[in-house]
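Data block for model-v2.cif (mmCIF, C-alpha atoms):
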data_final
loop_
_atom_site.label_atom_id
_atom_site.label_comp_id
_atom_site.auth_asym_id
_atom_site.auth_seq_id
_atom_site.Cartn_x
_atom_site.Cartn_y
_atom_site.Cartn_z
CA MET M 6 -1.95 10.32 -12.65
CA LYS M 7 1.31 11.14 -10.92
CA GLU M 8 1.68 10.77 -7.17
CA LYS M 9 1.44 13.99 -5.19
CA GLY M 10 5.06 13.67 -4.10
CA SER M 11 6.31 13.17 -7.64
CA VAL M 12 8.99 15.56 -8.89
CA TRP M 13 6.97 15.81 -12.10
CA GLN M 14 4.17 17.54 -10.19
CA LYS M 15 6.36 20.49 -9.25
CA LYS M 16 6.57 23.60 -11.42
CA SER M 17 10.12 24.08 -10.19
CA THR M 18 11.01 20.91 -12.09
CA GLY M 19 9.72 22.44 -15.29
CA VAL M 20 11.70 25.63 -14.68
CA PHE M 21 14.87 23.68 -13.95
CA LEU M 22 14.54 21.48 -17.03
CA MET M 23 13.64 24.39 -19.32
CA ILE M 24 16.64 26.43 -18.17
CA LEU M 25 19.00 23.47 -18.55
CA GLY M 26 17.58 22.52 -21.95
CA CYS M 27 17.77 26.07 -23.29
CA LEU M 28 21.34 26.48 -22.02
CA LEU M 29 22.38 23.30 -23.81
CA LEU M 30 20.68 24.35 -27.05
CA LEU M 31 22.14 27.85 -26.85
CA SER M 32 25.64 26.52 -26.22
CA ILE M 33 25.47 24.30 -29.31
CA ILE M 34 24.08 27.08 -31.49
CA LEU M 35 26.77 29.53 -30.35
CA ARG M 36 29.51 26.94 -30.75
CA VAL M 37 28.52 26.27 -34.38
CA SER M 38 27.74 29.90 -35.21
CA PHE M 39 31.10 31.21 -34.01
CA TYR M 40 33.16 28.30 -35.27
CA ARG M 41 36.77 29.11 -35.99
CA PHE M 42 39.50 26.67 -36.94
CA GLU M 43 42.63 26.82 -34.84
CA TYR M 44 45.56 24.66 -35.89
CA ASN M 45 47.02 22.47 -33.15
CA GLU M 46 49.72 19.98 -34.07
CA LYS M 47 48.54 17.55 -31.39
CA PHE M 48 44.73 17.83 -31.45
CA THR M 49 43.49 19.67 -34.57
CA THR M 50 45.57 19.65 -37.74
CA VAL M 51 42.76 19.57 -40.32
CA ASP M 52 39.76 21.87 -40.71
CA TYR M 53 36.75 19.59 -41.08
CA GLY M 54 34.24 22.44 -41.06
CA ARG M 55 31.86 23.79 -38.47
CA PHE M 56 29.24 21.05 -38.80
CA ASN M 57 31.74 18.30 -38.04
CA TYR M 58 31.05 19.39 -34.46
CA PHE M 59 27.99 17.14 -34.55
CA SER M 60 30.19 14.10 -35.14
CA TYR M 61 31.09 13.91 -31.47
CA PHE M 62 29.15 11.64 -29.13
CA THR M 63 29.19 14.34 -26.47
CA VAL M 64 27.47 16.85 -28.75
CA GLN M 65 24.89 14.34 -29.93
CA SER M 66 24.11 13.16 -26.40
CA ASN M 67 23.90 16.72 -25.05
CA LEU M 68 21.67 17.73 -27.96
CA ALA M 69 19.42 14.78 -27.13
CA ALA M 70 19.51 15.87 -23.49
CA ALA M 71 18.51 19.41 -24.50
CA VAL M 72 15.50 18.13 -26.45
CA TYR M 73 14.59 15.81 -23.58
CA CYS M 74 14.77 18.63 -21.04
CA VAL M 75 12.68 21.05 -23.10
CA LEU M 76 10.01 18.46 -23.91
CA ALA M 77 9.93 17.26 -20.30
CA ALA M 78 9.60 20.85 -19.09
CA LEU M 79 6.68 21.44 -21.44
CA SER M 80 5.03 18.27 -20.14
CA VAL M 81 5.32 19.62 -16.60
CA PHE M 82 3.77 22.91 -17.74
CA GLY M 83 0.70 21.04 -19.02
CA VAL M 84 1.34 19.74 -22.55
CA LYS M 85 -0.37 16.39 -22.08
CA LYS M 86 0.83 14.86 -25.36
CA LEU M 87 4.39 15.04 -24.02
CA LYS M 88 3.66 13.12 -20.81
CA PRO M 89 5.41 9.96 -22.14
CA VAL M 90 8.71 11.87 -21.87
CA GLN M 91 8.34 11.62 -18.10
CA LYS M 92 8.73 7.83 -18.18
CA PRO M 93 11.89 6.75 -16.32
CA ALA M 94 13.19 4.83 -19.34
CA ALA M 95 13.69 8.08 -21.28
CA GLY M 96 15.66 9.61 -18.43
CA LEU M 97 17.71 6.43 -18.01
CA PHE M 98 18.97 6.53 -21.60
CA ILE M 99 19.78 10.25 -21.65
CA THR M 100 21.41 10.29 -18.22
CA THR M 101 23.56 7.26 -19.04
CA TYR M 102 24.85 8.80 -22.27
CA VAL M 103 25.80 12.19 -20.86
CA ILE M 104 27.46 10.66 -17.77
CA ILE M 105 29.64 8.37 -19.90
CA ALA M 106 30.52 11.28 -22.22
CA GLY M 107 31.58 13.33 -19.21
CA ILE M 108 33.65 10.53 -17.70
CA VAL M 109 35.47 9.83 -20.97
CA TYR M 110 36.22 13.53 -21.49
CA CYS M 111 37.48 14.16 -17.97
CA SER M 112 39.57 10.97 -17.91
CA GLY M 113 41.34 12.23 -21.02
CA PHE M 114 43.02 15.09 -19.12
CA PRO M 115 45.56 12.99 -17.18
CA MET M 116 46.26 10.88 -20.30
CA GLY M 117 46.86 13.94 -22.49
CA LEU M 118 44.04 13.01 -24.86
CA THR M 119 41.78 15.94 -23.98
CA PRO M 120 42.84 19.46 -25.02
CA PRO M 121 43.55 21.62 -21.96
CA LEU M 122 41.00 24.31 -21.16
CA ALA M 123 42.12 27.83 -22.06
CA TRP M 124 40.39 31.06 -21.01
CA ASP M 125 42.66 33.69 -22.59
CA THR M 126 40.31 34.94 -25.35
CA ALA M 127 36.56 35.45 -25.75
CA TYR M 128 36.44 32.59 -28.27
CA HIS M 129 38.29 30.22 -25.95
CA ARG M 130 36.01 31.19 -23.09
CA LEU M 131 33.00 30.37 -25.28
CA ILE M 132 34.18 26.95 -26.44
CA ASN M 133 35.53 25.91 -23.07
CA SER M 134 32.44 27.08 -21.20
CA THR M 135 30.55 24.79 -23.57
CA GLN M 136 32.94 21.95 -22.76
CA VAL M 137 32.43 22.44 -19.04
CA LEU M 138 28.64 22.63 -19.46
CA HIS M 139 28.45 19.48 -21.60
CA HIS M 140 31.00 17.32 -19.79
CA MET M 141 30.76 18.42 -16.17
CA ILE M 142 27.67 20.45 -15.32
CA ASN M 143 25.04 18.65 -17.40
CA PRO M 144 26.02 15.10 -16.33
CA VAL M 145 25.87 16.12 -12.67
CA ALA M 146 22.59 18.03 -13.16
CA LEU M 147 20.87 15.10 -14.88
CA LEU M 148 22.24 12.63 -12.32
CA VAL M 149 20.80 14.73 -9.50
CA PHE M 150 17.49 14.96 -11.34
CA TRP M 151 17.53 11.18 -11.85
CA LEU M 152 18.00 10.65 -8.13
CA ARG M 153 14.92 12.77 -7.46
CA GLN M 154 12.62 10.47 -9.46
CA GLY M 155 12.30 7.82 -6.78
CA SER M 156 8.52 8.10 -6.74
CA GLU M 157 8.28 6.95 -10.36
CA PRO M 158 7.48 3.35 -11.37
CA ARG M 159 10.22 0.74 -11.23
CA LEU M 160 12.09 -0.11 -14.42
CA SER M 161 12.47 -3.56 -15.93
CA LYS M 162 15.98 -4.88 -16.51
CA ARG M 163 14.88 -5.72 -20.05
CA VAL M 164 15.56 -2.10 -21.08
CA LEU M 165 19.28 -2.44 -20.36
CA PRO M 166 20.40 -4.11 -23.64
CA ALA M 167 18.67 -1.32 -25.59
CA VAL M 168 20.96 1.24 -23.93
CA GLY M 169 23.88 -0.17 -25.91
CA ILE M 170 22.24 0.13 -29.35
CA TYR M 171 22.99 3.79 -29.99
CA PRO M 172 26.65 3.65 -28.80
CA PHE M 173 27.13 0.56 -30.99
CA VAL M 174 25.69 2.22 -34.10
CA TYR M 175 27.66 5.39 -33.36
CA SER M 176 30.88 3.38 -33.02
CA LEU M 177 30.31 1.62 -36.34
CA PHE M 178 29.72 5.00 -37.99
CA CYS M 179 32.98 6.39 -36.59
CA ILE M 180 35.02 3.35 -37.63
CA VAL M 181 33.59 3.23 -41.16
CA ARG M 182 33.94 6.96 -41.65
CA GLY M 183 37.57 6.92 -40.59
CA ALA M 184 38.38 3.90 -42.76
CA PHE M 185 36.63 4.81 -46.01
CA PHE M 186 35.97 8.55 -46.21
CA LYS M 187 38.26 11.48 -46.89
CA PRO M 188 39.52 13.53 -45.20
CA VAL M 189 40.23 10.91 -42.56
CA PHE M 190 38.54 11.76 -39.28
CA TYR M 191 38.20 9.84 -36.04
CA ALA M 192 36.01 11.52 -33.46
CA TYR M 193 37.91 9.66 -30.72
CA PRO M 194 41.36 8.01 -30.88
CA PHE M 195 40.11 4.61 -29.75
CA TYR M 196 38.28 4.28 -33.09
CA ASN M 197 41.59 4.70 -34.93
CA PRO M 198 43.37 1.35 -35.56
CA TYR M 199 46.72 3.11 -35.94
CA PHE M 200 46.35 4.76 -32.54
CA ILE M 201 45.60 1.38 -30.99
CA LEU M 202 48.63 -0.18 -32.69
CA ASP M 203 50.81 2.65 -31.43
CA VAL M 204 49.68 1.82 -27.91
CA ILE M 205 49.99 -1.98 -28.01
CA ALA M 206 52.86 -2.42 -30.51
CA LYS M 207 54.77 0.84 -30.51
CA GLY M 208 57.77 0.78 -32.83
CA LYS M 209 56.91 -2.64 -34.28
CA ASP M 210 56.04 -3.39 -37.89
CA VAL M 211 52.51 -4.71 -37.46
CA SER M 212 49.64 -4.70 -39.99
CA PHE M 213 46.92 -2.12 -39.31
CA ILE M 214 44.43 -5.03 -39.48
CA TRP M 215 45.52 -5.96 -35.97
CA GLY M 216 44.34 -2.54 -34.90
CA TYR M 217 40.81 -3.48 -35.93
CA VAL M 218 41.15 -6.94 -34.37
CA THR M 219 42.15 -5.35 -31.08
CA MET M 220 39.34 -2.83 -31.46
CA LEU M 221 36.67 -5.57 -31.30
CA PRO M 222 37.11 -6.45 -27.61
CA LEU M 223 37.52 -2.74 -26.85
CA LEU M 224 34.20 -2.10 -28.60
CA VAL M 225 32.50 -4.85 -26.60
CA PHE M 226 34.00 -3.41 -23.42
CA GLY M 227 32.86 0.11 -24.34
CA ILE M 228 29.26 -0.98 -24.97
CA SER M 229 29.27 -2.94 -21.72
CA VAL M 230 30.32 0.23 -19.86
CA PHE M 231 27.14 1.96 -21.07
CA VAL M 232 25.00 -1.00 -20.06
CA CYS M 233 26.70 -1.24 -16.66
CA MET M 234 26.22 2.47 -15.98
CA ALA M 235 22.55 2.15 -16.93
CA ALA M 236 22.30 -0.91 -14.65
CA VAL M 237 23.65 1.11 -11.71
CA LEU M 238 21.19 3.94 -12.38
CA LEU M 239 18.35 1.43 -12.76
CA PHE M 240 19.28 -0.32 -9.51
CA VAL M 241 19.36 2.95 -7.59
CA HIS M 242 16.04 4.05 -9.08
CA ASN M 243 14.28 0.75 -8.37
CA ARG M 244 15.57 0.75 -4.81
CA GLN M 245 14.24 4.28 -4.31
CA ALA M 246 10.91 3.32 -5.90
CA LYS M 247 10.59 0.26 -3.65
CA LYS M 248 11.32 2.34 -0.56
CA TYR M 249 8.83 5.00 -1.67
CA THR M 250 6.11 2.39 -2.21
CA ALA M 251 6.76 0.81 1.20
CA GLU M 252 6.45 4.19 2.93
CA LYS M 253 3.08 5.05 1.33
#

Do you think you could lay out the structure here as structure tokens?
Amino acid sequence: MKEKGSVWQKKSTGVFLMILGCLLLLSIILRVSFYRFEYNEKFTTVDYGRFNYFSYFTVQSNLAAAVYCVLAALSVFGVKKLKPVQKPAAGLFITTYVIIAGIVYCSGFPMGLTPPLAWDTAYHRLINSTQVLHHMINPVALLVFWLRQGSEPRLSKRVLPAVGIYPFVYSLFCIVRGAFFKPVFYAYPFYNPYFILDVIAKGKDVSFIWGYVTMLPLLVFGISVFVCMAAVLLFVHNRQAKKYTAEK
């Protein structure tokens, strides 16, 4: 039984989560339905097809967030079988993933790795509204929601290593796909050994193998970023939960 002050006891929580979840689902459906290839010599030179959209970590994490929000909303509205979705661990994983996706995307602007947002046509407004929703609005919305769950039970630090499993598997998939499948596609440049070589040994005749060698510590660092973000969220939550318990 949830505490009376729990955010999960409020119908407004269900409304908020349902609206957010439906917006995320709708944005993905529209993005795939109205897919159109636009050649860009810097960012998109090959048409990989509309369903390649699901290859991006951002899309996968926001799709997971959409499912989480809808199921959580239904649990608030009385679907008892979905009550396990309200456990803080579920929110920790989803919130961590979408926050990291948003940070990576936004940090790409000053480095020239993220395509600039354009609003000149209806199609550009659609795809860039989706980008803003997935990378800016949703991470903030889920972070705020996470901060409102202070009345929920404390989380064990033992869940933290599990946060890195999905990013690790996803990274392996991206590396293997780029190395062995045609047409060559890297969802993100840091999975491309040639991109890494161009950064660390620009203009030098170096074997692409060193790109993969350099990628290993980068991969370890990337996974640790997810775990560290989850650790920060866990720390904040447990501190709130401790304070809430002391005030009861």

Using all atoms listed in the file - which residues lie no farther than 12 Å from the point (26.4, 12.6, -12.2) in the file's frame? Write them as an MDAnalysis selection string. chainID M and resid 99:108 139:152 234 237:238

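Distances to M:Ser161 were evaluated for M:Ala78, M:Ala235, M:Ile201, M:Ala206 using only C-alpha atoms, and the minimum falls at M:Ala235.
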
Can you spell out as a PyMOL selection string the set of residues that the PyMOL selection byres ((chain M and resi 187-197) around 8) selects in the structure I just provided? chain M and resi 53+60-61+176+179-180+182-186+198-201+216+220

Between stretch 10-81 of chain M and stretch 111-123 of chain M, at 12 Å or less, what are the per-residue closest atom pairs and their distances in Å? Count only C-alpha atoms, order by chain and rising residue number, and return it as CSV.
residue,atom,partner,partner_atom,distance
M:Asn45,CA,M:Pro120,CA,9.6
M:Glu46,CA,M:Pro120,CA,11.4
M:Lys47,CA,M:Pro120,CA,8.8
M:Phe48,CA,M:Pro120,CA,6.9
M:Thr49,CA,M:Pro120,CA,9.6
M:Thr63,CA,M:Cys111,CA,11.9

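In terms of minimum interatomic distance to M:Val109, M:Val230 ranks closest within M:Asp210, M:Leu22, M:Val230, M:Cys74, counting all atoms listed in the file.
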
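One distance worth recording is that between atom CA of M:Val241 and atom CA of M:Ala94, which is 13.4 Å.
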
Using only C-alpha atoms, what table do you get, as CSV, when you list each residue of stretch 55-159 of chain M with an atom no more than 8 Å from stretch 34-41 of chain M, its nearest pair of atoms, and their distance in Å rounded to one decimal, rows by chain then rising number?
residue,atom,partner,partner_atom,distance
M:Arg55,CA,M:Tyr40,CA,5.7
M:Phe56,CA,M:Val37,CA,6.9
M:Tyr58,CA,M:Val37,CA,7.3
M:Tyr128,CA,M:Phe39,CA,8.0
M:Leu131,CA,M:Arg36,CA,7.3
M:Ile132,CA,M:Arg36,CA,6.4
M:Thr135,CA,M:Arg36,CA,7.6

Dump as an mmCIF file, in the frame of the given file, selection limited to C-alpha atoms:
data_model
loop_
_atom_site.group_PDB
_atom_site.id
_atom_site.type_symbol
_atom_site.label_atom_id
_atom_site.label_comp_id
_atom_site.auth_asym_id
_atom_site.auth_seq_id
_atom_site.Cartn_x
_atom_site.Cartn_y
_atom_site.Cartn_z
ATOM 1 C CA ARG M 55 31.860 23.790 -38.470
ATOM 2 C CA PHE M 56 29.240 21.050 -38.800
ATOM 3 C CA TYR M 58 31.050 19.390 -34.460
ATOM 4 C CA TYR M 128 36.440 32.590 -28.270
ATOM 5 C CA LEU M 131 33.000 30.370 -25.280
ATOM 6 C CA ILE M 132 34.180 26.950 -26.440
ATOM 7 C CA THR M 135 30.550 24.790 -23.570
#

Using only the atoms of stretch 13-28 of chain M listed in the file, plus 8 Å on each side, state the axis-aligned box centre and edge lengths in Å rounded to one decimal, as AutoDock Vina command-line options.
--center_x 12.8 --center_y 21.1 --center_z -16.3 --size_x 33.2 --size_y 26.7 --size_z 30.0

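We find atom CA of M:Lys16 and atom CA of M:Tyr249 to be spaced 21.1 Å apart.
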
Atom CA of M:Asn57 to atom CA of M:Ile24, straight-line distance in Å: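 Going from atom CA of M:Ile24 over to atom CA of M:Asn57, I get 26.2 Å.
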
Specify as a PyMOL selection string each residue included when the PyMOL selection byres ((chain M and resi 69) around 10) is applied to this file. chain M and resi 26+29-30+63-68+70-74+98-99+102-103

From the options M:Leu76, M:Glu157, M:Tyr44, M:Phe62, which residue's atoms come nearest to M:Gln14, counting all atoms listed in the file? M:Glu157

Set the distance at 12 Å and use all atoms listed in the file: which residues neighbour M:Leu87 once local chain neighbours fewer than 2 positions away are removed? I'd like the list as a PyMOL selection string. chain M and resi 72-85+89-92+95

Chain and number of each residue from the PyMOL selection byres ((chain M and resi 225-229) around 10), as number ranges by chain: M: 105, 166, 168-173, 176, 220-224, 230-235

Dump of stretch 11-25 of chain M from preceding block, all heavy atoms, as an mmCIF file, in the first residue's frame:
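Below is the file part.cif, written as the result:
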data_model
loop_
_atom_site.group_PDB
_atom_site.id
_atom_site.type_symbol
_atom_site.label_atom_id
_atom_site.label_comp_id
_atom_site.auth_asym_id
_atom_site.auth_seq_id
_atom_site.Cartn_x
_atom_site.Cartn_y
_atom_site.Cartn_z
ATOM 1 N N SER M 11 2.303 9.763 -1.370
ATOM 2 C CA SER M 11 3.017 9.271 -2.538
ATOM 3 C C SER M 11 2.485 9.893 -3.823
ATOM 4 O O SER M 11 1.276 10.062 -3.999
ATOM 5 C CB SER M 11 2.900 7.749 -2.626
ATOM 6 O OG SER M 11 3.417 7.272 -3.858
ATOM 7 N N VAL M 12 3.394 10.209 -4.737
ATOM 8 C CA VAL M 12 2.997 10.768 -6.025
ATOM 9 C C VAL M 12 2.163 9.769 -6.820
ATOM 10 O O VAL M 12 1.358 10.147 -7.677
ATOM 11 C CB VAL M 12 4.259 11.189 -6.818
ATOM 12 C CG1 VAL M 12 5.071 9.970 -7.259
ATOM 13 C CG2 VAL M 12 3.890 12.041 -8.012
ATOM 14 N N TRP M 13 2.355 8.485 -6.512
ATOM 15 C CA TRP M 13 1.616 7.438 -7.220
ATOM 16 C C TRP M 13 0.154 7.360 -6.792
ATOM 17 O O TRP M 13 -0.639 6.660 -7.412
ATOM 18 C CB TRP M 13 2.281 6.083 -7.012
ATOM 19 C CG TRP M 13 3.648 5.994 -7.635
ATOM 20 C CD1 TRP M 13 4.845 6.022 -6.990
ATOM 21 C CD2 TRP M 13 3.941 5.880 -9.030
ATOM 22 N NE1 TRP M 13 5.872 5.931 -7.896
ATOM 23 C CE2 TRP M 13 5.342 5.837 -9.160
ATOM 24 C CE3 TRP M 13 3.154 5.802 -10.186
ATOM 25 C CZ2 TRP M 13 5.986 5.726 -10.401
ATOM 26 C CZ3 TRP M 13 3.793 5.685 -11.409
ATOM 27 C CH2 TRP M 13 5.187 5.647 -11.507
ATOM 28 N N GLN M 14 -0.210 8.054 -5.752
ATOM 29 C CA GLN M 14 -1.593 8.077 -5.273
ATOM 30 C C GLN M 14 -2.411 9.199 -5.912
ATOM 31 O O GLN M 14 -3.609 9.309 -5.668
ATOM 32 C CB GLN M 14 -1.619 8.248 -3.745
ATOM 33 C CG GLN M 14 -1.080 7.044 -2.987
ATOM 34 C CD GLN M 14 -2.047 5.880 -2.972
ATOM 35 O OE1 GLN M 14 -2.646 5.528 -3.981
ATOM 36 N NE2 GLN M 14 -2.226 5.272 -1.817
ATOM 37 N N LYS M 15 -1.764 10.012 -6.718
ATOM 38 C CA LYS M 15 -2.437 11.171 -7.304
ATOM 39 C C LYS M 15 -2.839 10.898 -8.753
ATOM 40 O O LYS M 15 -2.019 10.477 -9.567
ATOM 41 C CB LYS M 15 -1.517 12.385 -7.233
ATOM 42 C CG LYS M 15 -1.088 12.746 -5.807
ATOM 43 C CD LYS M 15 -0.100 13.896 -5.801
ATOM 44 C CE LYS M 15 0.342 14.235 -4.380
ATOM 45 N NZ LYS M 15 1.330 15.332 -4.350
ATOM 46 N N LYS M 16 -4.086 11.165 -9.063
ATOM 47 C CA LYS M 16 -4.582 10.977 -10.433
ATOM 48 C C LYS M 16 -3.857 11.898 -11.415
ATOM 49 O O LYS M 16 -3.703 11.560 -12.591
ATOM 50 C CB LYS M 16 -6.087 11.236 -10.485
ATOM 51 C CG LYS M 16 -6.929 10.227 -9.710
ATOM 52 C CD LYS M 16 -6.769 8.824 -10.260
ATOM 53 C CE LYS M 16 -7.652 7.847 -9.492
ATOM 54 N NZ LYS M 16 -7.479 6.441 -9.971
ATOM 55 N N SER M 17 -3.411 13.044 -10.913
ATOM 56 C CA SER M 17 -2.685 13.973 -11.783
ATOM 57 C C SER M 17 -1.396 13.346 -12.310
ATOM 58 O O SER M 17 -0.942 13.651 -13.417
ATOM 59 C CB SER M 17 -2.365 15.264 -11.034
ATOM 60 O OG SER M 17 -1.602 15.000 -9.869
ATOM 61 N N THR M 18 -0.823 12.442 -11.513
ATOM 62 C CA THR M 18 0.370 11.718 -11.953
ATOM 63 C C THR M 18 0.044 10.845 -13.151
ATOM 64 O O THR M 18 0.786 10.805 -14.135
ATOM 65 C CB THR M 18 0.928 10.842 -10.816
ATOM 66 O OG1 THR M 18 1.345 11.673 -9.733
ATOM 67 C CG2 THR M 18 2.105 10.004 -11.299
ATOM 68 N N GLY M 19 -1.075 10.162 -13.075
ATOM 69 C CA GLY M 19 -1.507 9.313 -14.186
ATOM 70 C C GLY M 19 -1.761 10.125 -15.440
ATOM 71 O O GLY M 19 -1.387 9.712 -16.550
ATOM 72 N N VAL M 20 -2.385 11.278 -15.285
ATOM 73 C CA VAL M 20 -2.663 12.143 -16.438
ATOM 74 C C VAL M 20 -1.359 12.624 -17.063
ATOM 75 O O VAL M 20 -1.179 12.584 -18.287
ATOM 76 C CB VAL M 20 -3.531 13.347 -16.016
ATOM 77 C CG1 VAL M 20 -3.694 14.320 -17.181
ATOM 78 C CG2 VAL M 20 -4.897 12.872 -15.526
ATOM 79 N N PHE M 21 -0.442 13.077 -16.221
ATOM 80 C CA PHE M 21 0.856 13.555 -16.696
ATOM 81 C C PHE M 21 1.600 12.461 -17.459
ATOM 82 O O PHE M 21 2.104 12.689 -18.575
ATOM 83 C CB PHE M 21 1.692 14.040 -15.508
ATOM 84 C CG PHE M 21 3.157 14.201 -15.811
ATOM 85 C CD1 PHE M 21 3.609 15.282 -16.551
ATOM 86 C CD2 PHE M 21 4.079 13.262 -15.358
ATOM 87 C CE1 PHE M 21 4.964 15.441 -16.829
ATOM 88 C CE2 PHE M 21 5.437 13.402 -15.643
ATOM 89 C CZ PHE M 21 5.878 14.497 -16.378
ATOM 90 N N LEU M 22 1.688 11.287 -16.870
ATOM 91 C CA LEU M 22 2.427 10.190 -17.491
ATOM 92 C C LEU M 22 1.760 9.720 -18.786
ATOM 93 O O LEU M 22 2.444 9.400 -19.762
ATOM 94 C CB LEU M 22 2.549 9.021 -16.513
ATOM 95 C CG LEU M 22 3.474 9.254 -15.317
ATOM 96 C CD1 LEU M 22 3.366 8.107 -14.319
ATOM 97 C CD2 LEU M 22 4.914 9.432 -15.774
ATOM 98 N N MET M 23 0.432 9.687 -18.799
ATOM 99 C CA MET M 23 -0.280 9.243 -20.002
ATOM 100 C C MET M 23 -0.062 10.237 -21.146
ATOM 101 O O MET M 23 0.178 9.829 -22.295
ATOM 102 C CB MET M 23 -1.760 9.079 -19.709
ATOM 103 C CG MET M 23 -2.566 8.533 -20.899
ATOM 104 S SD MET M 23 -2.015 6.877 -21.450
ATOM 105 C CE MET M 23 -2.677 5.860 -20.108
ATOM 106 N N ILE M 24 -0.142 11.520 -20.846
ATOM 107 C CA ILE M 24 0.078 12.537 -21.880
ATOM 108 C C ILE M 24 1.501 12.453 -22.425
ATOM 109 O O ILE M 24 1.725 12.456 -23.644
ATOM 110 C CB ILE M 24 -0.196 13.946 -21.328
ATOM 111 C CG1 ILE M 24 -1.695 14.125 -21.044
ATOM 112 C CG2 ILE M 24 0.283 15.014 -22.311
ATOM 113 C CD1 ILE M 24 -2.041 15.438 -20.376
ATOM 114 N N LEU M 25 2.473 12.352 -21.518
ATOM 115 C CA LEU M 25 3.869 12.270 -21.938
ATOM 116 C C LEU M 25 4.122 11.002 -22.754
ATOM 117 O O LEU M 25 4.759 11.056 -23.820
ATOM 118 C CB LEU M 25 4.789 12.302 -20.712
ATOM 119 C CG LEU M 25 6.299 12.233 -20.997
ATOM 120 C CD1 LEU M 25 6.732 13.394 -21.883
ATOM 121 C CD2 LEU M 25 7.086 12.227 -19.688
#
